[in-house]
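J.: Encoded as structure tokens, here's the structure I'll be asking about.
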Amino acid sequence: MEALWLSLRLALCVAAILLLLGMPLAYWLSQTRWRGKFLIESVVALPLVLPPTVLGFYVLLATGANGPLGKLWLAWFGHTLAFTFTGLIVASALYSLPFAVQPLVAAFESVDGRLLDAAAVLGAGRLRTFFKIILPLSIPGVITAAVLSFAHTLGEFGVVLMVGGNIPGVTRTVSIDIYDHVQSLDYGAANRMAIALLLISFAVLSTIYAVNRRVWSPWPVKHGE
Amino acid sequence: MASERITDDVEGSELAARIRFDRSNRGRQEFHLDVDFQVGPGITILFGPSGAGKSTLLDCIAGLLRPAEARIALGDKVLHDSGAGSFLPPQYRQIAYLFQSPALFPHMTVEENAGFGLQQANDGDRKRVVHHLLEMFRVAHLAHSKAGRISGGEAQRVALARALAPAPRAVLLDEPLKGLDAELKSSIVDDLRAWNRVNRAPILYVTHQRDEVDALGERVIALDRGRIASEGLPQNVLDAPRTKRLARAAGFENYLTAIVQEVREADGVMRARLAESQTELELPLGYATVGTRVQVAIRAGDILLATQRPAGLSARNILEGTIESVEVRGATAVCRVSAGAVFLVHVTPGALRALEIESGKRVWLVIKTHSCQLVGE
């Protein structure tokens, strides 16, 4: 159960960080008229198509003792970022980025532009318009972003293996634990973990679709819902 | 406090705008706006066919669009001066703008909506101003309703209250009464007039409906294809439209092409023959020489129908013709009359019965010279 607890902690941290970082990024993407915007969108979407090992490999290089991020970290904290819980958070956040940013962008973009115009002529600056108009009207999208990045991090395997290795209580998450059990032919233990992960993932996804199915749903949406 | 501030420094303030705005990029329809005007306190109607650039013009004044070349000033405050590189964003302009849709914030109550523009006022002041305006626009009973749950007419009133609450220095209204019934319309118009009696701000009111012009108009600016076609008193602008498109928007049903035959400057008239016909019309004198083609616009309601050749009339144009068809639309009977060209003539259903007008009947059309308006393309 140590592994499950670790996975839940990791997923919660990543979801929280992605909301904080994803909101300004998604807001910028939803408002900008910059022509190069598609480049940023592609970078954000990269983890969707990239094998986790590729992403994990570069994160490992960057966070290792000789990597730029790793050196900085070593200088400040006295140890490297790779093979630590913090390193896992960094890697997982990168890997789950599109699952937070895309629902947020979709939600922010679906706010009627005339409402933003109305707020502007009524004297509201960008910050006030965001917090008073855009954000309250995007709550379903924010929930979707949080839940998706939580669920996606929970099920993460490849990136964790590359960056975190397999240190019990530090970087051994549920999926790694299951893999370990299978390797050592302990199918009973693997099954217990797998069922726990399955149930949690199902509970999480049914929460999203109960709350809304308008924002970033893989299923077709009927009009008028 | 917001509503007291206005009476001191805004009295007599004038909105002056010189704007050149071009939109020709990325495959969208090319459009050029090129206007220069001043409006004082009171209601000025911005009139014109759709696509004339009315909404674009309001967006430029509000600061939602940034035209490449503009100088816009409200009183002594410069809002936009492209030459000097200054551009005041919309949130600092103190201009109220009511769109075609109410655009209420659906997650807020009516009261929260109306108070949105008063963020700097303290709670007591804000409540007082908001309730005064909600009372004035007769939506106070909805104060605690969610804005997404009220009717269209109510929503437009709340939007008006919300726009006026911060005591704006100018007001822009873009067809705010579109889609509302006549009774509701005239009561909202009365409310707006009442507010304006106290606040005396320049109000630009966009419409292409004739009845709204008549109800509100102190002054009209007619816009066509991004340019000011004419401006002045409503009756002068709308009864003598300068272009065919404006004439259509102003409610002229008949457009005829005629060739000038004779110019009688002493009498202030000219005679013209309808194209592809022998029928002649006497027209008011215009900038035209013998042989040139002119466009004539005539309101269907300005033409008289007679079943016998009339005599002893001052009207100079009496055309013989035949009824082609008759269609009753509510209180108006629309007759199509063939008399050298096809004329649309409006009569009342009662007149239709009394004169026994029906298809094929021989009639005479009576048109005063000055009911014929010369218009450009």
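Naming scheme: A, B, ... for chains in displayed order of the structure tokens; residues 1 onward per chain; ligands 1 onward as shown.
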Give me, as CSV, each residue of chain A that comes within 7 Å of chain B, together with its shortest interatomic pair and the distance in Å at one decimal, counting only C-alpha atoms, with rows ordered by chain and rising residue number.
T.:
```
residue,atom,partner,partner_atom,distance
A:Arg114,CA,B:Ala103,CA,6.2
A:Leu115,CA,B:Ala103,CA,5.5
A:Asp117,CA,B:Leu64,CA,7.0
A:Ala118,CA,B:Ala103,CA,6.9
A:Ala120,CA,B:Gln91,CA,4.8
A:Val121,CA,B:Gln91,CA,5.0
A:Leu122,CA,B:Gly117,CA,4.6
A:Gly123,CA,B:Gln91,CA,3.8
A:Ala124,CA,B:Gln91,CA,5.7
A:Gly125,CA,B:Gln91,CA,6.4
```
J.: Just the selected residues (N, CA and C atoms), exported as an mmCIF file, in the first residue's frame, please.
T.:
```
data_model
loop_
_atom_site.group_PDB
_atom_site.id
_atom_site.type_symbol
_atom_site.label_atom_id
_atom_site.label_comp_id
_atom_site.auth_asym_id
_atom_site.auth_seq_id
_atom_site.Cartn_x
_atom_site.Cartn_y
_atom_site.Cartn_z
ATOM 1 N N ARG A 114 -18.196 38.477 -26.356
ATOM 2 C CA ARG A 114 -18.916 39.706 -26.045
ATOM 3 C C ARG A 114 -18.960 39.963 -24.542
ATOM 4 N N LEU A 115 -18.920 38.873 -23.730
ATOM 5 C CA LEU A 115 -18.894 39.046 -22.274
ATOM 6 C C LEU A 115 -17.585 39.709 -21.867
ATOM 7 N N ASP A 117 -15.765 41.674 -23.834
ATOM 8 C CA ASP A 117 -15.892 43.068 -24.286
ATOM 9 C C ASP A 117 -16.703 43.876 -23.283
ATOM 10 N N ALA A 118 -17.815 43.270 -22.829
ATOM 11 C CA ALA A 118 -18.686 43.972 -21.881
ATOM 12 C C ALA A 118 -17.913 44.292 -20.606
ATOM 13 N N ALA A 120 -14.711 44.678 -20.306
ATOM 14 C CA ALA A 120 -13.698 45.701 -20.594
ATOM 15 C C ALA A 120 -14.312 47.096 -20.609
ATOM 16 N N VAL A 121 -15.455 47.262 -21.301
ATOM 17 C CA VAL A 121 -16.025 48.617 -21.357
ATOM 18 C C VAL A 121 -16.598 49.027 -20.001
ATOM 19 N N LEU A 122 -16.838 48.050 -19.120
ATOM 20 C CA LEU A 122 -17.300 48.384 -17.772
ATOM 21 C C LEU A 122 -16.131 48.663 -16.829
ATOM 22 N N GLY A 123 -14.922 48.700 -17.390
ATOM 23 C CA GLY A 123 -13.779 49.133 -16.603
ATOM 24 C C GLY A 123 -12.922 48.031 -16.017
ATOM 25 N N ALA A 124 -13.226 46.771 -16.348
ATOM 26 C CA ALA A 124 -12.453 45.677 -15.767
ATOM 27 C C ALA A 124 -11.180 45.429 -16.563
ATOM 28 N N GLY A 125 -10.052 45.307 -15.877
ATOM 29 C CA GLY A 125 -8.793 44.956 -16.519
ATOM 30 C C GLY A 125 -8.746 43.454 -16.772
#
```
J.: Which neighbours of Tyr187 of chain A fall inside 10 Å, counting only C-alpha atoms, when residues of the same chain fewer than 6 positions from it are skipped, and could you give them as number ranges by chain?
T.: A: 178, 181, 193
J.: Export N, CA and C atoms of the chosen residues as a short mmCIF file (atom, residue, chain, number, x, y, z; two decimals), in the first residue's frame?
T.:
```cif
data_model
loop_
_atom_site.label_atom_id
_atom_site.label_comp_id
_atom_site.auth_asym_id
_atom_site.auth_seq_id
_atom_site.Cartn_x
_atom_site.Cartn_y
_atom_site.Cartn_z
N ILE A 178 3.27 -2.89 -9.66
CA ILE A 178 2.58 -3.97 -10.36
C ILE A 178 3.56 -4.70 -11.27
N HIS A 181 5.77 -6.94 -9.25
CA HIS A 181 5.09 -8.15 -8.80
C HIS A 181 4.97 -9.16 -9.94
N MET A 193 -3.18 -4.67 -6.58
CA MET A 193 -2.79 -3.31 -6.96
C MET A 193 -3.52 -2.85 -8.23
#
```
J.: Contacts of segment 44-48 of chain A at 6 Å or less, counting only C-alpha atoms, minus same-chain residues fewer than 2 places along, as a PyMOL selection string?
T.: chain A and resi 41-42+50+95+98
J.: Skip segment 222-225 of chain B itself and residues of its chain fewer than 3 positions away, then list as a ChimeraX atom specification all residues within 6 Å of it, counting only C-alpha atoms.
T.: /B:47-48,52,228-231
J.: Check the smallest atom-to-atom distance from each of B:Thr348, B:Ser359, B:Gln156, B:Gln261 to Gly321 of chain B using only C-alpha atoms, then report the winner.
T.: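 Of all the options, B:Ser359 lies closest to Gly321 of chain B.
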J.: Nearest to Gly360 of chain B among B:Ile318, B:Cys335, B:Ala143, B:Ala341, with distances taken over only C-alpha atoms: which residue is it?
T.: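 Smallest separation from Gly360 of chain B among the options: B:Cys335.
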J.: Can you list, as a list in words, every protein, DNA or RNA residue that comes within 7 Å of Leu97 of chain A when you count only C-alpha atoms, leaving out same-chain residues fewer than 4 positions away?
T.: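 What passes the distance filter is Leu18, Val44, Ala93 and Val101 of chain A.
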J.: Store the residues picked out above, limited to N, CA and C atoms, as a PDB file, in the first residue's frame.
T.:
```
ATOM      1  N   LEU A  18      -0.087  21.565 -12.052  1.00  0.00           N
ATOM      2  CA  LEU A  18      -0.529  21.791 -13.429  1.00  0.00           C
ATOM      3  C   LEU A  18      -1.662  22.819 -13.503  1.00  0.00           C
ATOM      4  N   VAL A  44       2.996  21.750 -26.261  1.00  0.00           N
ATOM      5  CA  VAL A  44       2.138  21.312 -25.160  1.00  0.00           C
ATOM      6  C   VAL A  44       1.563  19.926 -25.455  1.00  0.00           C
ATOM      7  N   ALA A  93       4.655  16.161 -14.387  1.00  0.00           N
ATOM      8  CA  ALA A  93       3.953  17.392 -14.745  1.00  0.00           C
ATOM      9  C   ALA A  93       4.116  17.667 -16.239  1.00  0.00           C
ATOM     10  N   VAL A 101      -3.823  21.437 -19.914  1.00  0.00           N
ATOM     11  CA  VAL A 101      -3.917  22.659 -20.718  1.00  0.00           C
ATOM     12  C   VAL A 101      -5.061  22.595 -21.739  1.00  0.00           C
TER      13      VAL A 101
END
```
J.: Can you list, as number ranges by chain, all residues belonging to segment 116-288 of chain B that DSSP tags as helix (DSSP H, G or I)?
T.: B: 116-118, 123-136, 140-142, 147-149, 152-164, 182-199, 210-216, 234-239, 244-249, 265-267
J.: Could you check the closest approach to Val206 of chain B for each of B:Lys178, B:Arg271, B:Lys185, B:His144 and tell me which residue wins, using only C-alpha atoms?
T.: B:Lys178
J.: Would you compute the distance between atom CA of Ile19 of chain B and atom CA of Gly83 of chain B? Give it in Å to one decimal.
T.: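 Distance reported for this atom pair: 11.8 Å.
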J.: Between B:Asp211, B:Glu356, B:Glu282, B:Glu30, which one has atoms that come closest to Ser186 of chain B, using only C-alpha atoms?
T.: B:Asp211
J.: Could you tell me which of B:Ala161, B:Ala68, B:Ala201, B:Val171 comes closest to Glu135 of chain B if we count only C-alpha atoms?
T.: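 Distance minimum relative to Glu135 of chain B lands on B:Ala161.
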J.: I'd like to know which residues of segment 180-328 of chain B are strand (DSSP E) (by DSSP, run on the backbone); could you write them as a VMD selection string?
T.: chain B and resid 202 to 207 219 to 224 227 to 232 254 to 264 269 to 274 280 to 284 293 to 298 304 to 306 317 to 328
J.: Give me, as a list in words, all polymer residues having an atom no more than 10 Å from Phe108 of chain A, counting only C-alpha atoms and skipping those fewer than 6 positions away in the same chain.
T.: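 Final neighbour list, sorted by chain and number: Met23, Ala26, Tyr27, Trp28, Leu29, Ser30, Gln31, Gln102, Phe130, Ile133, Ile134, Leu135, Leu137, Ser138, Ile139, Gly141 and Val142 of chain A.
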J.: Keeping C-alpha atoms, export the residues of the selection given above as a tab-separated table (two decimals), in the first residue's frame.
T.:
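Contents of out18.tsv, freshly written:
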```tsv
chain	number	residue	atom	x	y	z
A	23	MET	CA	-4.11	28.36	-16.17
A	26	ALA	CA	-4.10	28.23	-21.25
A	27	TYR	CA	-5.32	31.80	-20.78
A	28	TRP	CA	-2.51	33.10	-22.97
A	29	LEU	CA	-3.21	30.44	-25.62
A	30	SER	CA	-6.93	31.27	-25.60
A	31	GLN	CA	-6.40	35.03	-25.98
A	102	GLN	CA	-6.25	21.39	-23.43
A	130	PHE	CA	-10.25	36.52	-15.79
A	133	ILE	CA	-15.88	36.20	-15.75
A	134	ILE	CA	-13.66	33.65	-17.50
A	135	LEU	CA	-12.77	31.44	-14.52
A	137	LEU	CA	-17.67	30.25	-16.43
A	138	SER	CA	-14.93	27.65	-16.94
A	139	ILE	CA	-15.36	25.65	-13.72
A	141	GLY	CA	-13.16	22.74	-17.64
A	142	VAL	CA	-11.02	23.38	-14.55
```
J.: So the first atom is atom CA of Met270 of chain B and the second is atom CA of Thr257 of chain B; what is the distance between them in Å, to one decimal place?
T.: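 Going from atom CA of Met270 of chain B over to atom CA of Thr257 of chain B, I get 14.3 Å.
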J.: As an exercise, work out the distance from atom CA of Val129 of chain B to atom CA of Leu192 of chain B in Å and give it to one decimal place.
T.: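 Interatomic distance here is 16.0 Å.
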J.: Between B:Gly340, B:Pro234, B:Ala247, B:Asp214, single out the one closest to Gln278 of chain B, counting only C-alpha atoms.
T.: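 So, comparing all the options, the nearest one is B:Gly340.
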